[in-house]
>>> print(open('upload_0.pdb').read())   # PDB, C-alpha atoms
ATOM      1  CA  MET A   1      15.556  -7.384  -7.228
ATOM      2  CA  HIS A   2      13.476  -4.910  -9.253
ATOM      3  CA  ALA A   3      10.651  -3.059  -7.490
ATOM      4  CA  PHE A   4       8.012  -4.818  -9.576
ATOM      5  CA  ASP A   5       9.496  -8.204  -8.685
ATOM      6  CA  VAL A   6       9.052  -7.282  -5.028
ATOM      7  CA  LEU A   7       5.555  -5.872  -5.535
ATOM      8  CA  GLY A   8       4.481  -8.701  -7.835
ATOM      9  CA  ASP A   9       3.766 -10.936  -4.869
ATOM     10  CA  PRO A  10       0.288 -10.455  -3.337
ATOM     11  CA  VAL A  11       1.527 -11.256   0.175
ATOM     12  CA  ARG A  12       4.170  -8.543   0.018
ATOM     13  CA  ARG A  13       1.655  -6.058  -1.399
ATOM     14  CA  ARG A  14      -0.693  -6.868   1.498
ATOM     15  CA  ILE A  15       2.106  -6.411   4.021
ATOM     16  CA  LEU A  16       2.853  -2.981   2.550
ATOM     17  CA  GLU A  17      -0.843  -2.105   2.782
ATOM     18  CA  LEU A  18      -0.786  -3.029   6.466
ATOM     19  CA  LEU A  19       2.367  -1.022   7.079
ATOM     20  CA  ALA A  20       0.964   1.979   5.198
ATOM     21  CA  ALA A  21      -1.510   2.352   8.069
ATOM     22  CA  GLY A  22       1.432   2.823  10.443
ATOM     23  CA  GLU A  23       4.256   1.000  12.132
ATOM     24  CA  GLN A  24       3.350  -2.552  13.135
ATOM     25  CA  SER A  25       5.024  -5.374  14.967
ATOM     26  CA  SER A  26       6.007  -8.494  13.097
ATOM     27  CA  GLY A  27       3.464 -10.370  15.222
ATOM     28  CA  GLU A  28       0.629  -8.077  14.135
ATOM     29  CA  VAL A  29       1.601  -8.391  10.478
ATOM     30  CA  THR A  30       2.001 -12.153  10.781
ATOM     31  CA  ALA A  31      -1.424 -12.604  12.384
ATOM     32  CA  VAL A  32      -3.213 -10.782   9.560
ATOM     33  CA  VAL A  33      -1.239 -12.372   6.740
ATOM     34  CA  ARG A  34      -1.562 -15.881   8.180
ATOM     35  CA  ALA A  35      -5.328 -15.431   8.498
ATOM     36  CA  GLU A  36      -5.730 -14.044   4.983
ATOM     37  CA  PHE A  37      -3.258 -16.209   3.065
ATOM     38  CA  GLY A  38      -2.909 -19.298   5.246
ATOM     39  CA  ILE A  39       0.885 -19.256   5.201
ATOM     40  CA  SER A  40       3.265 -20.065   8.025
ATOM     41  CA  GLN A  41       5.000 -17.601  10.324
ATOM     42  CA  PRO A  42       8.402 -18.365   8.757
ATOM     43  CA  ALA A  43       6.948 -17.621   5.304
ATOM     44  CA  VAL A  44       5.656 -14.249   6.527
ATOM     45  CA  SER A  45       9.073 -13.542   8.036
ATOM     46  CA  GLN A  46      10.669 -14.315   4.674
ATOM     47  CA  HIS A  47       8.352 -11.823   2.936
ATOM     48  CA  LEU A  48       9.216  -9.186   5.548
ATOM     49  CA  LYS A  49      12.905  -9.901   4.914
ATOM     50  CA  VAL A  50      12.455  -9.407   1.147
ATOM     51  CA  LEU A  51      10.708  -6.081   1.779
ATOM     52  CA  ARG A  52      13.431  -5.014   4.198
ATOM     53  CA  ASP A  53      16.341  -6.175   2.016
ATOM     54  CA  ASN A  54      14.932  -4.319  -0.987
ATOM     55  CA  GLY A  55      14.319  -1.086   0.906
ATOM     56  CA  PHE A  56      10.508  -1.180   1.006
ATOM     57  CA  ALA A  57      10.341  -1.612   4.770
ATOM     58  CA  SER A  58      12.427  -0.646   7.758
ATOM     59  CA  VAL A  59      12.617  -2.474  11.053
ATOM     60  CA  ARG A  60      13.546  -1.333  14.515
ATOM     61  CA  ALA A  61      13.837  -3.215  17.747
ATOM     62  CA  GLU A  62      11.744  -2.272  20.746
ATOM     63  CA  GLY A  63      12.606  -4.695  23.491
ATOM     64  CA  THR A  64      11.859  -8.138  22.106
ATOM     65  CA  ARG A  65       9.512  -6.793  19.435
ATOM     66  CA  ARG A  66      10.435  -5.922  15.872
ATOM     67  CA  LEU A  67       8.491  -2.970  14.483
ATOM     68  CA  TYR A  68       8.161  -2.572  10.729
ATOM     69  CA  ALA A  69       7.326   0.550   8.736
ATOM     70  CA  VAL A  70       7.070   1.482   5.063
ATOM     71  CA  ARG A  71      10.040   3.237   3.474
ATOM     72  CA  PRO A  72       8.730   5.589   0.758
ATOM     73  CA  GLU A  73      11.798   5.823  -1.497
ATOM     74  CA  PRO A  74      11.239   2.635  -3.553
ATOM     75  CA  LEU A  75       7.575   3.538  -3.925
ATOM     76  CA  GLN A  76       8.610   6.935  -5.281
ATOM     77  CA  ASP A  77      10.621   5.089  -7.922
ATOM     78  CA  VAL A  78       7.505   3.113  -8.875
ATOM     79  CA  ASP A  79       5.493   6.335  -8.977
ATOM     80  CA  ALA A  80       8.070   7.894 -11.295
ATOM     81  CA  TRP A  81       7.943   4.848 -13.567
ATOM     82  CA  LEU A  82       4.150   5.245 -13.820
ATOM     83  CA  THR A  83       4.377   8.900 -14.927
ATOM     84  CA  PRO A  84       4.163   8.280 -18.711
ATOM     85  CA  PHE A  85       1.113   6.061 -18.183
ATOM     86  CA  ARG A  86      -0.908   8.568 -16.146
ATOM     87  CA  ARG A  87      -2.273  10.096 -19.355
ATOM     88  CA  PHE A  88      -4.459   7.006 -19.695
ATOM     89  CA  TRP A  89      -6.408   7.605 -16.504
ATOM     90  CA  THR A  90      -5.831  11.182 -15.309
ATOM     91  CA  PRO A  91      -8.328  12.831 -17.724
ATOM     92  CA  ARG A  92     -10.981  10.239 -16.850
ATOM     93  CA  LEU A  93     -10.494  10.768 -13.137
ATOM     94  CA  ALA A  94     -10.689  14.540 -13.609
ATOM     95  CA  ALA A  95     -13.935  14.115 -15.591
ATOM     96  CA  LEU A  96     -15.325  11.883 -12.839
ATOM     97  CA  ALA A  97     -14.443  14.485 -10.195
ATOM     98  CA  THR A  98     -16.239  17.134 -12.272
ATOM     99  CA  GLU A  99     -19.368  14.969 -12.553
ATOM    100  CA  ILE A 100     -19.372  14.228  -8.833
ATOM    101  CA  ALA A 101     -19.042  17.941  -8.029
ATOM    102  CA  ARG A 102     -21.832  18.736 -10.506
ATOM    103  CA  GLY A 103     -24.119  16.153  -8.885
ATOM    104  CA  LYS A 104     -23.432  17.521  -5.403
ATOM    105  CA  ARG A 105     -24.103  21.055  -6.595
ATOM    106  CA  GLU A 106     -27.388  20.014  -8.263
ATOM    107  CA  ARG A 107     -28.573  18.238  -5.112
ATOM    108  CA  ARG A 108     -27.591  21.228  -2.991
ATOM    109  CA  ASP A 109     -29.393  23.674  -5.302
ATOM    110  CA  GLN A 110     -32.639  21.675  -5.447
ATOM    111  CA  PRO A 111     -35.429  23.112  -3.318
ATOM    112  CA  GLU A 112     -36.385  20.970  -0.354
ATOM    113  CA  GLU A 113     -39.857  19.457  -0.457
TER     114      GLU A 113
END
>>> encode(input="upload_0.pdb", output="structure tokens")
Amino acid sequence: MHAFDVLGDPVRRRILELLAAGEQSSGEVTAVVRAEFGISQPAVSQHLKVLRDNGFASVRAEGTRRLYAVRPEPLQDVDAWLTPFRRFWTPRLAALATEIARGKRERRDQPEE
């Protein structure tokens, strides 16, 4: 399965967002995803399996719990794919950063009343 096929599903993207915050148990992930998407526990497990099978997540056993974490390698492949497209937003983001810095400097340099 191609990385964008995996990431094309909003549930799997949300799971990765949760795991980006740090390792989480399948129960923790399931509770959030069930509340937000209204899907069953087996459906969440299937999404975790897709992420694991395609290298986006790792799992380790700790007693009876299964702890999931993000694996960065497939995301690095996505980042590399995006490289030629960065020219569309990088200059705008740099200009925004300049304007924000300018505004902070102007507020700092204004005399207090």
>>> residues_around(input="upload_0.pdb", residues="Val78 in chain A", least_positions_apart="4", cutoff="9 Å", atoms="all atoms listed in the file", output="list in words")
Ala3, Phe4, Glu73, Pro74, Leu82 and Thr83 of chain A
>>> closest_residue(input="upload_0.pdb", among="A:Gly27, A:Thr90, A:Leu67, A:Leu75", to="Arg13 in chain A", atoms="all atoms listed in the file")
A:Leu75
>>> closest_residue(input="upload_0.pdb", among="A:Asp77, A:Asp9, A:Glu112, A:Glu106", to="Val50 in chain A", atoms="all atoms listed in the file")
A:Asp9
>>> resolve_selection(input="upload_0.pdb", expression="the PyMOL selection byres ((chain A and resi 41-46) around 9)", output="list in words")
Val11, Arg12, Ile15, Ser26, Gly27, Val29, Thr30, Ala31, Val33, Arg34, Ile39, Ser40, His47, Leu48, Lys49, Val50 and Leu51 of chain A
>>> write_last_selection(input="upload_0.pdb", atoms="C-alpha atoms", output="mmCIF file, in the frame of the given file")
data_model
loop_
_atom_site.group_PDB
_atom_site.id
_atom_site.type_symbol
_atom_site.label_atom_id
_atom_site.label_comp_id
_atom_site.auth_asym_id
_atom_site.auth_seq_id
_atom_site.Cartn_x
_atom_site.Cartn_y
_atom_site.Cartn_z
ATOM 1 C CA VAL A 11 1.527 -11.256 0.175
ATOM 2 C CA ARG A 12 4.170 -8.543 0.018
ATOM 3 C CA ILE A 15 2.106 -6.411 4.021
ATOM 4 C CA SER A 26 6.007 -8.494 13.097
ATOM 5 C CA GLY A 27 3.464 -10.370 15.222
ATOM 6 C CA VAL A 29 1.601 -8.391 10.478
ATOM 7 C CA THR A 30 2.001 -12.153 10.781
ATOM 8 C CA ALA A 31 -1.424 -12.604 12.384
ATOM 9 C CA VAL A 33 -1.239 -12.372 6.740
ATOM 10 C CA ARG A 34 -1.562 -15.881 8.180
ATOM 11 C CA ILE A 39 0.885 -19.256 5.201
ATOM 12 C CA SER A 40 3.265 -20.065 8.025
ATOM 13 C CA HIS A 47 8.352 -11.823 2.936
ATOM 14 C CA LEU A 48 9.216 -9.186 5.548
ATOM 15 C CA LYS A 49 12.905 -9.901 4.914
ATOM 16 C CA VAL A 50 12.455 -9.407 1.147
ATOM 17 C CA LEU A 51 10.708 -6.081 1.779
#
>>> atom_distance(input="upload_0.pdb", atom1="CA of Gln24 in chain A", atom2="CA of Arg66 in chain A")
8.3 Å
>>> atom_distance(input="upload_0.pdb", atom1="CA of Leu19 in chain A", atom2="CA of Trp81 in chain A")
22.2 Å
>>> atom_distance(input="upload_0.pdb", atom1="CA of Ala35 in chain A", atom2="CA of Glu17 in chain A")
15.2 Å
>>> closest_residue(input="upload_0.pdb", among="A:Pro111, A:Glu36, A:Tyr68, A:Asn54", to="Leu7 in chain A", atoms="all atoms listed in the file")
A:Asn54
